[in-house]
Amino acid sequence: MDISSLVGLLGGISVMVIAIAIAPGASFKAFIDYPSIMVVLGGATAAALISFPLKQFLNTFRVAKHIFFNRQQDFIELIEQLVSLAETARRDGLLALEGRLEEVDNPFVILGIQMAVDGTRPEIIEDIMRTEMDAVATRHRNGKSVVDQVGRFAPAFGMIGTLIGLIIMLGNMDDPSAIGPGMAVALITTLYGAILANLVCLPFAEKLGFINKHELLTMEIIIRGIMGIQSGDNPRVIEQKLNTFVPPKLRAGAREAA
Amino acid sequence: MDISSLVGLLGGISVMVIAIAIAPGASFKAFIDYPSIMVVLGGATAAALISFPLKQFLNTFRVAKHIFFNRQQDFIELIEQLVSLAETARRDGLLALEGRLEEVDNPFVILGIQMAVDGTRPEIIEDIMRTEMDAVATRHRNGKSVVDQVGRFAPAFGMIGTLIGLIIMLGNMDDPSAIGPGMAVALITTLYGAILANLVCLPFAEKLGFINKHELLTMEIIIRGIMGIQSGDNPRVIEQKLNTFVPPKLRAGAREAA
Amino acid sequence: MDISSLVGLLGGISVMVIAIAIAPGASFKAFIDYPSIMVVLGGATAAALISFPLKQFLNTFRVAKHIFFNRQQDFIELIEQLVSLAETARRDGLLALEGRLEEVDNPFVILGIQMAVDGTRPEIIEDIMRTEMDAVATRHRNGKSVVDQVGRFAPAFGMIGTLIGLIIMLGNMDDPSAIGPGMAVALITTLYGAILANLVCLPFAEKLGFINKHELLTMEIIIRGIMGIQSGDNPRVIEQKLNTFVPPKLRAGAREAA
Amino acid sequence: MDISSLVGLLGGISVMVIAIAIAPGASFKAFIDYPSIMVVLGGATAAALISFPLKQFLNTFRVAKHIFFNRQQDFIELIEQLVSLAETARRDGLLALEGRLEEVDNPFVILGIQMAVDGTRPEIIEDIMRTEMDAVATRHRNGKSVVDQVGRFAPAFGMIGTLIGLIIMLGNMDDPSAIGPGMAVALITTLYGAILANLVCLPFAEKLGFINKHELLTMEIIIRGIMGIQSGDNPRVIEQKLNTFVPPKLRAGAREAA
Amino acid sequence: MDISSLVGLLGGISVMVIAIAIAPGASFKAFIDYPSIMVVLGGATAAALISFPLKQFLNTFRVAKHIFFNRQQDFIELIEQLVSLAETARRDGLLALEGRLEEVDNPFVILGIQMAVDGTRPEIIEDIMRTEMDAVATRHRNGKSVVDQVGRFAPAFGMIGTLIGLIIMLGNMDDPSAIGPGMAVALITTLYGAILANLVCLPFAEKLGFINKHELLTMEIIIRGIMGIQSGDNPRVIEQKLNTFVPPKLRAGAREAA
């Protein structure tokens, strides 16, 4: 998953770099204009900063790293672990789960098991876990909406920068030979805005939406598993229930269940 | 929260001012054109004035100040206060709350406590509080929709101003050397429209939506708290219920509840 | 309410007239082009005429006059009147309401009272009143959607007119000095389309949506009131119920109810 | 209803023809370009052909003729006929309806009566009639969506045609005097796309949506009527029920019912 | 169904090829520019690659072939087969179905029958079949959304390519005679983006939506049929139930059922 985002980003940049490199009479220098970068990046960031509380804006960077460094939970493995925990709980009692906590990586599973071991009432366990899940969903959705918003403002500030450039250029049109280069510089801002929106922000937002959906499904599976473990359900029944979240071909122990 | 909006607005303006300042041959004077300001600001305001009843239009200014001067309610503190009031009510009776009203800042909490002290029937308390909440939601939503609308009309009147400028310029094209400056002036209106929409109205509307959501959640917590106090619930139960609105890490007294 | 729409419309027009008046070298004559008016207004009207049944199209004019001449029902006054009618009905019987019908202005209240006096069964009264309410909602929504549609077609026909002008101009470009004025005339159609959409149709449609919402709320209050009167409810209870539609501060007799 | 669509279409075309006719230096010949027609009409049709199964694409022409030749069912007349049939059924039995089938025009009424006469079970009658109604709704919605789609693709292919024209023109710019006419021809494709979308497809799609809604309401009335007739309801009760679909002023026998 | 997509695609391409072929002074060579193809196709693909997990991106090609090679299930035939299987099951028992499995083509019918023969509990059969159906729906929807996304990014990268071309051209405007051809090359990228979006991606996405809806309906019919067979329903009742998915005219054995 991570690789595709990285490959896509590098691929998209390469495509444009190559197109410039092979064009006769083109120089990369002509495509670097610091004030234009400032207007597009600064303007779109400013607009996003106005739109969102500071905490949410900053949180975006934490969320955005998931686009590239996202270790996606394997559902099969997760279900197998929950079933194995259920077997232990059924055989040796809920308290025996404490000894197995160190094998568990997922902090959400740990949270659930810990509460079950502590004898927390099931309604409170579910309530706390669902609230945590809602908080994650909100945090991710907010992160996505900041990226989305920057993606929507970027082309607008690209146009604003180009308008500023055009007004300056048209205002002192004494030297006709300067019109071409002036126009070129003005258009760079539009180019930056289009690239920032279409190669960075909009695809990133789309990917964050995906990651979010996957993580919420993971948490849903965990909640169902923990609730089953806590109430002492038969591990086979728990497995069968959790498997409905996975396509038949991939189901853990699909054969036995059927 | 407030600071991010102010920082964003000043940052966005700075970015454009710097871009103009460092551009060779540019003068700030070239970017000030009063008739253009009049067409964009006047036109978009006029369109919003046609779209909404006067009362709602004027109310927008009152709502808009929240973008910068918004003292956001701290949920933890609010829940602690409601729990403390519940303890007093349970220990010394509902009437004892009257003596504690002066410590309370939030007028919505005061409204609820006052009604409980007056012996108003619970259905009526909830009905009045929910109606008040709806009224706040409507007032905020209306305020947001005026800002939204101005943001949508601004680019259109930017274009209208540019068209007016172009028609005037093209109509007397006797002096070719005047074309450039004429065109520059015509484009200023488009620039104003784009800035008004993308640096002011659309981010402001987005922020108002956020503030609204937060305020409604605050009111929901208060209503639940007041209803619990009125019916003499155990303060611990009230705390546990209200805490579900807050992410686990931040919960007031989370440890004891679990 | 009415005044804001009129002020907005006149303000919007003034802004453009002043911008033209103070521009050096501009003449109003340059902004009047009858064929352009014909293409934009005729084209957008034609498209709306194709889109809607004739009856609905014509009905729009009747609905549109509400934008300026809209006598908005005062909720407080309405509730007071319904409560007063309820008191009469409770004191002197439903038939006594007949004598008070002449004080009532609102035809929808009259319809309801008349049916109650006639002894019509309550289900039928409610059914007839709700059907009437639905018919009003549909008529208003249809009126709004015609205005909306003209607002959406106007810029398109503005562009169509400009394209026609450009094609004619480019087709006989023998005299280079005629290009400027030809272009100016071509752009006028785009200007007309933008003004028709953004200063007239879209704000009008928005306002009609508002008026509609307010009128439906009025009818909802009346239906609830009439049903309460018909079933002989306590006038205080009726007042309390109807007051939930009004923000607490404005409630009729809010003090006594609380 | 039909007339307004025809008047609108002819009016829209006239407006453009007159605008060209009265423009100085314009000739109709300059507005006819067969390759442009081919690109816009052919391209938009091709895109729609890719988007939809062939059967649905062809069905559009059958549906589209309703825009002009739509005999809209009169609700009052329909309700009167259903009530009259109900009276016959109640007086002389369901079988007596067979003799009255020849007075009935609407094939959907005939279908329902025929099944009732045949003694088909009521659930099956309703099931078959609702399935037929769904099929009509789907057929109409599909027809509308093809027209919608062509309307959305037309401007795109207008732009594609203009781009092709511009690229050809710019590629051989040896003769500067040819630029104007070449540009004019290139722009014709954009003009065609805008007209096809805004004067034909989008208004037609809107109208089809309207016709669809009206026809479904007609079928709903018929189903309710047939079910009432089949179960031997009192004709007065049937009339009263069906009348709720019609605004009070227009209700058949409204006076008696009230 | 397949033919219409192929005809549409070839027709759309032909229309543009012919338009170029008959234009005076045009050469096909002027419309081929490899760097432009690279920017549009590469850029849009890169953006889609960032947006989606690699597995989903690659899966698109598998889904896309359905646009042209889609053997659509005939509902009538399917229902007849299910009814025939139900007759066998009722006459000779569920186990007898095993002998008829080889006549069945549809793997989803085979899956269901196999589970019924194996004596799997009905809830589990339905659960597994519905999960499989959801998985197919998700896979198709994901495939559609990749195509949709490429269609949305293609025009953006067309514009990006044109901006790159314009900036290069304007940067070295020493030779005025090179402006025309340089502009022509720059516009080709926009043309490619528009064609990729409007003749390929958007119509393909629309068609995939259709195919998906049809396949899900097929699976729904199969699930209902298998559940009926498993519970030993009367084959006539099964037929009648399944027929409600088909318009009356086309119903299998419609005559007998009525």
# chains A, B, ... in the order shown; residues from 1 in each chain; ligands from 1
$ residues_around --residues "segment 92-100 of chain A" --least-positions-apart "4" --cutoff "7 Å" --atoms "only C-alpha atoms" --output "PyMOL selection string"
chain A and resi 85+88+117
$ write_last_selection --atoms "N, CA and C atoms" --output "mmCIF file, in the first residue's frame"
data_model
loop_
_atom_site.group_PDB
_atom_site.id
_atom_site.type_symbol
_atom_site.label_atom_id
_atom_site.label_comp_id
_atom_site.auth_asym_id
_atom_site.auth_seq_id
_atom_site.Cartn_x
_atom_site.Cartn_y
_atom_site.Cartn_z
ATOM 1 N N LEU A 85 -6.808 -15.926 21.722
ATOM 2 C CA LEU A 85 -7.045 -15.333 23.044
ATOM 3 C C LEU A 85 -8.346 -15.867 23.640
ATOM 4 N N THR A 88 -7.754 -19.284 25.148
ATOM 5 C CA THR A 88 -7.102 -19.163 26.457
ATOM 6 C C THR A 88 -8.115 -18.759 27.523
ATOM 7 N N VAL A 117 -9.711 -8.084 31.727
ATOM 8 C CA VAL A 117 -8.992 -8.685 32.857
ATOM 9 C C VAL A 117 -9.321 -7.940 34.156
#
$ interface_residues --of "chain B" --to "chain C" --cutoff "7 Å" --atoms "only C-alpha atoms" --output "number ranges by chain"
B: 35, 38-39, 42-43, 46-54, 120, 128, 131-132, 135, 153, 156, 160, 163, 167-168, 170-171, 173
$ write_last_selection --atoms "C-alpha atoms" --output "mmCIF file, in the first residue's frame"
data_model
loop_
_atom_site.group_PDB
_atom_site.id
_atom_site.type_symbol
_atom_site.label_atom_id
_atom_site.label_comp_id
_atom_site.auth_asym_id
_atom_site.auth_seq_id
_atom_site.Cartn_x
_atom_site.Cartn_y
_atom_site.Cartn_z
ATOM 1 C CA PRO B 35 -14.049 51.125 -8.257
ATOM 2 C CA MET B 38 -16.745 48.740 -4.918
ATOM 3 C CA VAL B 39 -17.893 46.303 -7.606
ATOM 4 C CA GLY B 42 -20.665 45.939 -3.166
ATOM 5 C CA GLY B 43 -21.884 43.395 -5.678
ATOM 6 C CA ALA B 46 -25.870 43.189 -2.662
ATOM 7 C CA ALA B 47 -26.415 39.636 -3.865
ATOM 8 C CA ALA B 48 -26.314 38.374 -0.277
ATOM 9 C CA LEU B 49 -28.695 41.135 0.777
ATOM 10 C CA ILE B 50 -31.192 40.020 -1.867
ATOM 11 C CA SER B 51 -30.776 36.389 -0.810
ATOM 12 C CA PHE B 52 -31.437 36.761 2.908
ATOM 13 C CA PRO B 53 -33.814 38.601 5.242
ATOM 14 C CA LEU B 54 -32.196 41.751 6.642
ATOM 15 C CA THR B 120 -40.183 23.421 36.397
ATOM 16 C CA ILE B 128 -36.990 24.744 26.445
ATOM 17 C CA THR B 131 -35.483 24.740 21.553
ATOM 18 C CA GLU B 132 -32.800 27.179 22.660
ATOM 19 C CA ALA B 135 -32.271 28.394 17.835
ATOM 20 C CA PHE B 153 -20.763 35.534 -5.323
ATOM 21 C CA ALA B 156 -18.688 36.172 -10.031
ATOM 22 C CA ILE B 160 -18.339 41.081 -13.836
ATOM 23 C CA LEU B 163 -15.800 42.332 -18.070
ATOM 24 C CA ILE B 167 -15.526 46.402 -22.551
ATOM 25 C CA ILE B 168 -14.505 49.977 -21.694
ATOM 26 C CA LEU B 170 -11.746 47.547 -25.964
ATOM 27 C CA GLY B 171 -14.288 50.250 -26.851
ATOM 28 C CA MET B 173 -8.556 51.157 -28.318
#
$ atom_distance --atom1 "atom CA of Glu80 of chain E" --atom2 "atom CA of Ile113 of chain D"
28.8 Å
$ residues_around --residues "Glu126 of chain B" --least-positions-apart "3" --cutoff "8 Å" --atoms "only C-alpha atoms" --output "list in words"
Pro122, Glu123, Met129, Arg130, Ile223 and Met227 of chain B
$ atom_distance --atom1 "atom CA of Leu78 of chain A" --atom2 "atom CA of Gly225 of chain A"
9.7 Å
